[in-house]
Amino acid sequence: AYIAAKANILRYQTKIDVAVLNWTDKNIRKLKTRGSVIKIKSPARIKLKLLGKHNKMNAVLAARATGLFGVPFIVSYRILAAKMKSLPYALEFIGEKNGVKYYNDSESTTFEATQAALESFVKKPILIVGGYDKGIDIKPLAVLIEKKAKAVYAIGQTSHKIHELLKAKSFHAGTLETAIQLIKKTAKKGDI
């Protein structure tokens with residue numbers, strides 16, 4: 001449904017329109033376009049203040065799109081590198097306390113978003129995860145978390161399911177407030 005909704009953007013193109021697309025995504029490569037396509041195959045070596053390959057790709061896509069309106073890529077690139085910051089709740093850096101970095105990624109409500117966030121860090125982060133039970137299979141998420149997270153604090157309606165799947169790494173916190181208090185007590189300098 002998400003892919004179909006995004007495909008609507010291309011549906012109303014004409015032959016003179018241009019789509020700037022992330023060609024590393026197999027779902028995007030399947031989309032039908034009526035105009036021409038600029039295929040971005042790599043986020044290049046763009047340096048941003050933001051974490052994550054997905055943010056780098058978004059910056060390159062934006063810079064290439066502005067090029068269609070006569071703005072040189074290097075100008076867009078420099079502006080993005082200097083000014084681009086995360087949206088609220090999207091891998092947003094909150095601050096650092098006692099050598100522990102805190103990020104708010106509460107916008108990650110899908111497997112893919114959580115995967116992108118976890119892959120943004122070189123060091124395995126401590127993760128607070130859970131919430132409303134949408135009735136989806138969370139086993140793939142558990143496998144991902146097992147590989148990419150240092151520890152997990154499970155909250156909300158899904159906390160028991162998550163805790164059962166990740167016993168060795170998981171702590172049943174119940175609420176966000178409890179999870180944060182537990183993390184404050186156990187996190188070590190250098191943790192995320």
# chains A, B, ... in the order shown; residues from 1 in each chain; ligands from 1
$ residues_around --residues "region 169-174 of chain A" --least-positions-apart "3" --cutoff "7 Å" --atoms "only C-alpha atoms" --output "ChimeraX atom specification"
/A:151-156,159-160,163,166,178-179
$ select_by_dssp --residues "region 13-179 of chain A" --states "strand (DSSP E or B)" --output "JSON, numbers by chain"
{"A": [18, 19, 20, 21, 22, 36, 37, 38, 39, 40, 92, 93, 94, 95, 96, 97, 100, 101, 102, 103, 104, 126, 127, 128, 129, 130, 151, 152, 153, 154, 155, 170, 171, 172, 173, 174]}
$ write_last_selection --atoms "N, CA and C atoms" --output "compact mmCIF listing (two decimals), in the first residue's frame"
# COMPACT_ATOMS: atom_id res chain seq x y z
N VAL A 18 10.40 14.63 -15.34
CA VAL A 18 11.57 13.84 -14.94
C VAL A 18 11.36 13.32 -13.52
N ALA A 19 11.69 12.06 -13.30
CA ALA A 19 11.66 11.47 -11.97
C ALA A 19 13.10 11.20 -11.53
N VAL A 20 13.45 11.64 -10.33
CA VAL A 20 14.77 11.37 -9.76
C VAL A 20 14.55 10.27 -8.74
N LEU A 21 15.08 9.07 -9.02
CA LEU A 21 14.73 7.91 -8.23
C LEU A 21 15.94 7.20 -7.62
N ASN A 22 15.72 6.63 -6.45
CA ASN A 22 16.72 5.83 -5.75
C ASN A 22 16.77 4.45 -6.42
N SER A 36 11.13 10.92 -18.23
CA SER A 36 12.48 10.36 -18.15
C SER A 36 12.85 10.15 -16.69
N VAL A 37 13.92 9.35 -16.48
CA VAL A 37 14.32 8.97 -15.13
C VAL A 37 15.80 9.27 -14.94
N ILE A 38 16.11 9.90 -13.82
CA ILE A 38 17.50 10.02 -13.38
C ILE A 38 17.66 8.97 -12.29
N LYS A 39 18.54 8.01 -12.55
CA LYS A 39 18.72 6.87 -11.65
C LYS A 39 19.90 7.12 -10.72
N ILE A 40 19.62 7.25 -9.44
CA ILE A 40 20.68 7.45 -8.45
C ILE A 40 21.01 6.09 -7.87
N GLU A 92 16.40 11.71 15.41
CA GLU A 92 16.72 13.05 15.88
C GLU A 92 17.65 12.98 17.10
N PHE A 93 18.79 13.63 17.01
CA PHE A 93 19.73 13.65 18.13
C PHE A 93 19.14 14.53 19.22
N ILE A 94 18.97 13.96 20.40
CA ILE A 94 18.37 14.67 21.53
C ILE A 94 19.45 15.30 22.39
N GLY A 95 20.53 14.58 22.59
CA GLY A 95 21.61 15.12 23.39
C GLY A 95 22.50 14.02 23.93
N GLU A 96 23.48 14.42 24.71
CA GLU A 96 24.43 13.49 25.29
C GLU A 96 24.52 13.77 26.79
N LYS A 97 24.46 12.70 27.58
CA LYS A 97 24.58 12.85 29.03
C LYS A 97 25.45 11.72 29.56
N VAL A 100 26.68 9.20 27.08
CA VAL A 100 25.69 8.37 26.38
C VAL A 100 24.90 9.29 25.43
N LYS A 101 24.84 8.92 24.15
CA LYS A 101 24.11 9.70 23.15
C LYS A 101 22.67 9.20 23.07
N TYR A 102 21.73 10.13 23.03
CA TYR A 102 20.31 9.79 22.96
C TYR A 102 19.71 10.31 21.65
N TYR A 103 18.97 9.42 20.98
CA TYR A 103 18.28 9.75 19.74
C TYR A 103 16.81 9.39 19.88
N ASN A 104 15.95 10.22 19.29
CA ASN A 104 14.52 9.93 19.26
C ASN A 104 14.17 9.51 17.84
N ILE A 126 21.49 0.78 22.08
CA ILE A 126 20.48 0.26 23.01
C ILE A 126 19.15 0.75 22.45
N LEU A 127 18.19 -0.13 22.33
CA LEU A 127 16.95 0.18 21.62
C LEU A 127 15.75 0.08 22.55
N ILE A 128 14.89 1.07 22.46
CA ILE A 128 13.57 0.99 23.10
C ILE A 128 12.60 0.70 21.95
N VAL A 129 11.86 -0.39 22.07
CA VAL A 129 10.97 -0.78 20.96
C VAL A 129 9.67 -1.34 21.51
N GLY A 130 8.62 -1.16 20.74
CA GLY A 130 7.32 -1.69 21.11
C GLY A 130 6.23 -0.67 20.88
N ALA A 151 21.17 -3.98 23.28
CA ALA A 151 20.15 -4.41 24.25
C ALA A 151 18.82 -3.80 23.83
N VAL A 152 17.74 -4.39 24.33
CA VAL A 152 16.40 -3.94 23.97
C VAL A 152 15.56 -3.78 25.21
N TYR A 153 14.87 -2.64 25.27
CA TYR A 153 13.90 -2.40 26.34
C TYR A 153 12.53 -2.38 25.67
N ALA A 154 11.72 -3.38 25.98
CA ALA A 154 10.43 -3.55 25.33
C ALA A 154 9.34 -2.82 26.11
N ILE A 155 8.51 -2.08 25.35
CA ILE A 155 7.43 -1.30 25.97
C ILE A 155 6.12 -1.53 25.24
N SER A 170 16.80 -8.73 25.96
CA SER A 170 15.61 -7.92 26.18
C SER A 170 15.27 -7.73 27.65
N PHE A 171 14.78 -6.54 27.93
CA PHE A 171 14.27 -6.21 29.26
C PHE A 171 12.85 -5.73 29.10
N HIS A 172 11.95 -6.30 29.87
CA HIS A 172 10.54 -5.88 29.81
C HIS A 172 10.40 -4.62 30.66
N ALA A 173 10.31 -3.47 29.99
CA ALA A 173 10.22 -2.20 30.70
C ALA A 173 8.78 -1.76 30.91
N GLY A 174 7.91 -2.13 29.99
CA GLY A 174 6.50 -1.76 30.11
C GLY A 174 6.18 -0.39 29.56
$ residues_around --residues "Thr66 (chain A)" --least-positions-apart "5" --cutoff "12 Å" --atoms "only C-alpha atoms" --output "VMD selection string"
chain A and resid 18 to 20 59 to 61 71 to 77 79 to 80
$ write_last_selection --atoms "N, CA, C and O atoms" --output "PDB file, in the first residue's frame"
ATOM      1  N   VAL A  18      10.399  14.626 -15.337  1.00  0.00           N
ATOM      2  CA  VAL A  18      11.567  13.838 -14.938  1.00  0.00           C
ATOM      3  C   VAL A  18      11.357  13.324 -13.515  1.00  0.00           C
ATOM      4  O   VAL A  18      10.904  14.058 -12.638  1.00  0.00           O
ATOM      5  N   ALA A  19      11.693  12.063 -13.304  1.00  0.00           N
ATOM      6  CA  ALA A  19      11.663  11.467 -11.966  1.00  0.00           C
ATOM      7  C   ALA A  19      13.101  11.204 -11.533  1.00  0.00           C
ATOM      8  O   ALA A  19      13.893  10.654 -12.301  1.00  0.00           O
ATOM      9  N   VAL A  20      13.446  11.641 -10.330  1.00  0.00           N
ATOM     10  CA  VAL A  20      14.769  11.372  -9.763  1.00  0.00           C
ATOM     11  C   VAL A  20      14.546  10.270  -8.737  1.00  0.00           C
ATOM     12  O   VAL A  20      13.889  10.482  -7.722  1.00  0.00           O
ATOM     13  N   ALA A  59      19.601  13.224   0.439  1.00  0.00           N
ATOM     14  CA  ALA A  59      20.308  14.457   0.121  1.00  0.00           C
ATOM     15  C   ALA A  59      20.759  14.465  -1.336  1.00  0.00           C
ATOM     16  O   ALA A  59      20.629  15.481  -2.040  1.00  0.00           O
ATOM     17  N   VAL A  60      21.299  13.349  -1.810  1.00  0.00           N
ATOM     18  CA  VAL A  60      21.741  13.264  -3.208  1.00  0.00           C
ATOM     19  C   VAL A  60      20.543  13.394  -4.145  1.00  0.00           C
ATOM     20  O   VAL A  60      20.619  14.103  -5.162  1.00  0.00           O
ATOM     21  N   LEU A  61      19.439  12.746  -3.813  1.00  0.00           N
ATOM     22  CA  LEU A  61      18.229  12.857  -4.636  1.00  0.00           C
ATOM     23  C   LEU A  61      17.760  14.310  -4.710  1.00  0.00           C
ATOM     24  O   LEU A  61      17.415  14.813  -5.791  1.00  0.00           O
ATOM     25  N   VAL A  71      20.185  24.726 -10.518  1.00  0.00           N
ATOM     26  CA  VAL A  71      21.076  24.882  -9.363  1.00  0.00           C
ATOM     27  C   VAL A  71      22.185  23.846  -9.491  1.00  0.00           C
ATOM     28  O   VAL A  71      21.909  22.651  -9.550  1.00  0.00           O
ATOM     29  N   PRO A  72      23.434  24.280  -9.539  1.00  0.00           N
ATOM     30  CA  PRO A  72      24.532  23.321  -9.662  1.00  0.00           C
ATOM     31  C   PRO A  72      24.545  22.330  -8.489  1.00  0.00           C
ATOM     32  O   PRO A  72      24.286  22.718  -7.347  1.00  0.00           O
ATOM     33  N   PHE A  73      24.862  21.094  -8.787  1.00  0.00           N
ATOM     34  CA  PHE A  73      24.874  20.041  -7.770  1.00  0.00           C
ATOM     35  C   PHE A  73      25.754  20.433  -6.588  1.00  0.00           C
ATOM     36  O   PHE A  73      25.379  20.258  -5.437  1.00  0.00           O
ATOM     37  N   ILE A  74      26.914  20.999  -6.849  1.00  0.00           N
ATOM     38  CA  ILE A  74      27.860  21.335  -5.784  1.00  0.00           C
ATOM     39  C   ILE A  74      27.262  22.385  -4.834  1.00  0.00           C
ATOM     40  O   ILE A  74      27.510  22.359  -3.628  1.00  0.00           O
ATOM     41  N   VAL A  75      26.464  23.301  -5.356  1.00  0.00           N
ATOM     42  CA  VAL A  75      25.826  24.318  -4.517  1.00  0.00           C
ATOM     43  C   VAL A  75      24.790  23.650  -3.604  1.00  0.00           C
ATOM     44  O   VAL A  75      24.773  23.876  -2.387  1.00  0.00           O
ATOM     45  N   SER A  76      23.950  22.818  -4.183  1.00  0.00           N
ATOM     46  CA  SER A  76      22.946  22.097  -3.377  1.00  0.00           C
ATOM     47  C   SER A  76      23.621  21.213  -2.341  1.00  0.00           C
ATOM     48  O   SER A  76      23.221  21.170  -1.184  1.00  0.00           O
ATOM     49  N   TYR A  77      24.650  20.524  -2.766  1.00  0.00           N
ATOM     50  CA  TYR A  77      25.391  19.632  -1.873  1.00  0.00           C
ATOM     51  C   TYR A  77      25.939  20.390  -0.674  1.00  0.00           C
ATOM     52  O   TYR A  77      25.801  19.968   0.471  1.00  0.00           O
ATOM     53  N   ILE A  79      24.971  23.268   0.597  1.00  0.00           N
ATOM     54  CA  ILE A  79      23.886  23.751   1.455  1.00  0.00           C
ATOM     55  C   ILE A  79      23.329  22.607   2.297  1.00  0.00           C
ATOM     56  O   ILE A  79      23.131  22.749   3.510  1.00  0.00           O
ATOM     57  N   LEU A  80      23.095  21.458   1.671  1.00  0.00           N
ATOM     58  CA  LEU A  80      22.570  20.305   2.407  1.00  0.00           C
ATOM     59  C   LEU A  80      23.550  19.835   3.475  1.00  0.00           C
ATOM     60  O   LEU A  80      23.155  19.520   4.596  1.00  0.00           O
TER      61      LEU A  80
END
$ atom_distance --atom1 "CA of Ala117 (chain A)" --atom2 "CA of Leu50 (chain A)"
11.3 Å
$ residues_around --residues "Lys123 (chain A)" --least-positions-apart "4" --cutoff "9 Å" --atoms "only C-alpha atoms" --output "PyMOL selection string"
chain A and resi 148-150+191-192
$ write_last_selection --atoms "all heavy atoms" --output "PDB file, in the first residue's frame"
ATOM      1  N   LYS A 148      21.554  -6.270  15.302  1.00  0.00           N
ATOM      2  CA  LYS A 148      21.958  -4.866  15.231  1.00  0.00           C
ATOM      3  C   LYS A 148      21.899  -4.077  16.537  1.00  0.00           C
ATOM      4  O   LYS A 148      22.381  -2.954  16.586  1.00  0.00           O
ATOM      5  CB  LYS A 148      21.084  -4.135  14.200  1.00  0.00           C
ATOM      6  CG  LYS A 148      21.162  -4.688  12.799  1.00  0.00           C
ATOM      7  CD  LYS A 148      22.418  -4.250  12.113  1.00  0.00           C
ATOM      8  CE  LYS A 148      22.473  -4.725  10.673  1.00  0.00           C
ATOM      9  NZ  LYS A 148      23.701  -4.318  10.031  1.00  0.00           N
ATOM     10  N   ALA A 149      21.280  -4.621  17.605  1.00  0.00           N
ATOM     11  CA  ALA A 149      21.138  -3.865  18.852  1.00  0.00           C
ATOM     12  C   ALA A 149      21.951  -4.482  19.973  1.00  0.00           C
ATOM     13  O   ALA A 149      22.115  -5.698  20.046  1.00  0.00           O
ATOM     14  CB  ALA A 149      19.664  -3.785  19.257  1.00  0.00           C
ATOM     15  N   LYS A 150      22.463  -3.646  20.840  1.00  0.00           N
ATOM     16  CA  LYS A 150      23.221  -4.098  22.007  1.00  0.00           C
ATOM     17  C   LYS A 150      22.273  -4.671  23.055  1.00  0.00           C
ATOM     18  O   LYS A 150      22.540  -5.707  23.651  1.00  0.00           O
ATOM     19  CB  LYS A 150      24.005  -2.925  22.588  1.00  0.00           C
ATOM     20  CG  LYS A 150      24.772  -3.266  23.842  1.00  0.00           C
ATOM     21  CD  LYS A 150      25.538  -2.067  24.369  1.00  0.00           C
ATOM     22  CE  LYS A 150      26.279  -2.442  25.649  1.00  0.00           C
ATOM     23  NZ  LYS A 150      27.074  -1.306  26.145  1.00  0.00           N
ATOM     24  N   ASP A 191      27.865   4.525  24.895  1.00  0.00           N
ATOM     25  CA  ASP A 191      26.636   3.869  24.424  1.00  0.00           C
ATOM     26  C   ASP A 191      25.747   4.862  23.669  1.00  0.00           C
ATOM     27  O   ASP A 191      25.817   6.071  23.852  1.00  0.00           O
ATOM     28  CB  ASP A 191      25.853   3.264  25.586  1.00  0.00           C
ATOM     29  CG  ASP A 191      26.380   1.917  26.022  1.00  0.00           C
ATOM     30  OD1 ASP A 191      27.142   1.292  25.257  1.00  0.00           O
ATOM     31  OD2 ASP A 191      26.042   1.471  27.147  1.00  0.00           O
ATOM     32  N   ILE A 192      24.894   4.277  22.843  1.00  0.00           N
ATOM     33  CA  ILE A 192      23.914   5.054  22.063  1.00  0.00           C
ATOM     34  C   ILE A 192      22.547   4.529  22.449  1.00  0.00           C
ATOM     35  O   ILE A 192      22.310   3.339  22.430  1.00  0.00           O
ATOM     36  CB  ILE A 192      24.151   4.855  20.551  1.00  0.00           C
ATOM     37  CG1 ILE A 192      25.551   5.348  20.163  1.00  0.00           C
ATOM     38  CG2 ILE A 192      23.078   5.557  19.739  1.00  0.00           C
ATOM     39  CD1 ILE A 192      26.015   4.870  18.801  1.00  0.00           C
TER      40      ILE A 192
END
$ select_by_dssp --residues "region 33-189 of chain A" --states "helix (DSSP H, G or I)" --output "PyMOL selection string"
chain A and resi 53-67+73-83+111-118+139-148+159-165+176-186
$ closest_residue --among "A:Ile138, A:Met84, A:Ile180, A:Leu144" --to "Ala116 (chain A)" --atoms "only C-alpha atoms"
A:Leu144
$ residues_around --residues "Leu51 (chain A)" --least-positions-apart "3" --cutoff "12 Å" --atoms "only C-alpha atoms" --output "PyMOL selection string"
chain A and resi 46-48+54-59+81+84-86+90-93+103+105+116-122
$ atom_distance --atom1 "CA of Leu165 (chain A)" --atom2 "CA of Gln181 (chain A)"
22.8 Å
$ closest_residue --among "A:Lys184, A:Lys139, A:Lys6, A:Lys147" --to "Ile162 (chain A)" --atoms "only C-alpha atoms"
A:Lys139
$ atom_distance --atom1 "CA of Arg64 (chain A)" --atom2 "CA of Tyr2 (chain A)"
23.8 Å
$ decode --residues "region 102-115 of chain A" --atoms "all heavy atoms" --output "CSV table (one decimal), in the first residue's frame"
chain,number,residue,atom,x,y,z
A,102,TYR,N,21.7,10.1,23.0
A,102,TYR,CA,20.3,9.8,23.0
A,102,TYR,C,19.7,10.3,21.7
A,102,TYR,O,19.9,11.5,21.3
A,102,TYR,CB,19.6,10.4,24.1
A,102,TYR,CG,19.9,9.8,25.5
A,102,TYR,CD1,21.0,10.3,26.2
A,102,TYR,CD2,19.2,8.7,26.0
A,102,TYR,CE1,21.3,9.7,27.4
A,102,TYR,CE2,19.5,8.2,27.2
A,102,TYR,CZ,20.6,8.6,27.9
A,102,TYR,OH,20.9,8.1,29.1
A,103,TYR,N,19.0,9.4,21.0
A,103,TYR,CA,18.3,9.7,19.7
A,103,TYR,C,16.8,9.4,19.9
A,103,TYR,O,16.5,8.4,20.5
A,103,TYR,CB,18.9,8.9,18.6
A,103,TYR,CG,20.2,9.3,18.2
A,103,TYR,CD1,21.3,8.8,18.9
A,103,TYR,CD2,20.5,10.2,17.2
A,103,TYR,CE1,22.6,9.2,18.5
A,103,TYR,CE2,21.8,10.6,16.8
A,103,TYR,CZ,22.9,10.1,17.5
A,103,TYR,OH,24.1,10.4,17.2
A,104,ASN,N,15.9,10.2,19.3
A,104,ASN,CA,14.5,9.9,19.3
A,104,ASN,C,14.2,9.5,17.8
A,104,ASN,O,14.3,10.3,16.9
A,104,ASN,CB,13.7,11.2,19.7
A,104,ASN,CG,12.2,10.9,19.6
A,104,ASN,OD1,11.7,9.9,19.1
A,104,ASN,ND2,11.5,11.9,20.2
A,105,ASP,N,13.8,8.3,17.7
A,105,ASP,CA,13.4,7.7,16.4
A,105,ASP,C,12.0,7.2,16.5
A,105,ASP,O,11.7,6.1,15.9
A,105,ASP,CB,14.4,6.7,15.9
A,105,ASP,CG,14.3,6.4,14.4
A,105,ASP,OD1,14.1,7.4,13.6
A,105,ASP,OD2,14.3,5.3,14.0
A,106,SER,N,11.1,7.8,17.2
A,106,SER,CA,9.8,7.3,17.4
A,106,SER,C,8.9,7.3,16.1
A,106,SER,O,7.9,6.7,16.0
A,106,SER,CB,9.0,8.1,18.4
A,106,SER,OG,9.0,9.5,18.2
A,107,GLU,N,9.4,7.9,15.0
A,107,GLU,CA,8.8,7.8,13.7
A,107,GLU,C,9.0,6.5,13.0
A,107,GLU,O,8.3,6.1,12.1
A,107,GLU,CB,9.3,8.9,12.8
A,107,GLU,CG,8.7,10.3,13.0
A,107,GLU,CD,7.2,10.4,12.6
A,107,GLU,OE1,6.8,9.9,11.5
A,107,GLU,OE2,6.4,10.9,13.4
A,108,SER,N,9.9,5.7,13.5
A,108,SER,CA,10.2,4.4,13.0
A,108,SER,C,9.1,3.4,13.4
A,108,SER,O,9.3,2.7,14.4
A,108,SER,CB,11.6,3.9,13.4
A,108,SER,OG,12.6,4.5,12.7
A,109,THR,N,8.0,3.4,12.7
A,109,THR,CA,6.9,2.5,13.0
A,109,THR,C,6.8,1.3,12.1
A,109,THR,O,5.8,0.6,12.2
A,109,THR,CB,5.6,3.3,13.1
A,109,THR,OG1,5.4,3.9,11.7
A,109,THR,CG2,5.6,4.4,14.1
A,110,THR,N,7.7,1.2,11.2
A,110,THR,CA,7.7,0.0,10.3
A,110,THR,C,9.1,-0.7,10.4
A,110,THR,O,10.0,-0.1,10.9
A,110,THR,CB,7.5,0.4,8.8
A,110,THR,OG1,8.7,1.2,8.4
A,110,THR,CG2,6.3,1.2,8.6
A,111,PHE,N,9.1,-1.9,9.9
A,111,PHE,CA,10.3,-2.7,9.9
A,111,PHE,C,11.4,-2.0,9.2
A,111,PHE,O,12.5,-1.9,9.6
A,111,PHE,CB,10.0,-4.1,9.3
A,111,PHE,CG,11.3,-4.9,9.1
A,111,PHE,CD1,11.8,-5.6,10.1
A,111,PHE,CD2,11.9,-4.9,7.9
A,111,PHE,CE1,13.0,-6.4,10.0
A,111,PHE,CE2,13.1,-5.7,7.7
A,111,PHE,CZ,13.6,-6.4,8.7
A,112,GLU,N,11.1,-1.5,8.0
A,112,GLU,CA,12.1,-0.8,7.1
A,112,GLU,C,12.7,0.4,7.8
A,112,GLU,O,13.9,0.6,7.7
A,112,GLU,CB,11.4,-0.5,5.8
A,112,GLU,CG,11.1,-1.7,4.9
A,112,GLU,CD,9.7,-2.3,5.3
A,112,GLU,OE1,9.0,-1.7,6.1
A,112,GLU,OE2,9.4,-3.3,4.7
A,113,ALA,N,11.8,1.2,8.5
A,113,ALA,CA,12.3,2.4,9.1
A,113,ALA,C,13.2,2.0,10.3
A,113,ALA,O,14.3,2.6,10.5
A,113,ALA,CB,11.1,3.2,9.6
A,114,THR,N,12.9,1.0,11.1
A,114,THR,CA,13.7,0.6,12.2
A,114,THR,C,15.0,0.0,11.7
A,114,THR,O,16.1,0.3,12.2
A,114,THR,CB,12.9,-0.5,13.0
A,114,THR,OG1,11.7,0.1,13.5
A,114,THR,CG2,13.8,-0.9,14.2
A,115,GLN,N,14.9,-0.7,10.6
A,115,GLN,CA,16.2,-1.3,9.9
A,115,GLN,C,17.1,-0.2,9.5
A,115,GLN,O,18.3,-0.2,9.8
A,115,GLN,CB,15.8,-2.2,8.7
A,115,GLN,CG,17.0,-2.8,8.1
A,115,GLN,CD,16.6,-3.7,6.9
A,115,GLN,OE1,15.5,-3.6,6.4
A,115,GLN,NE2,17.5,-4.5,6.5
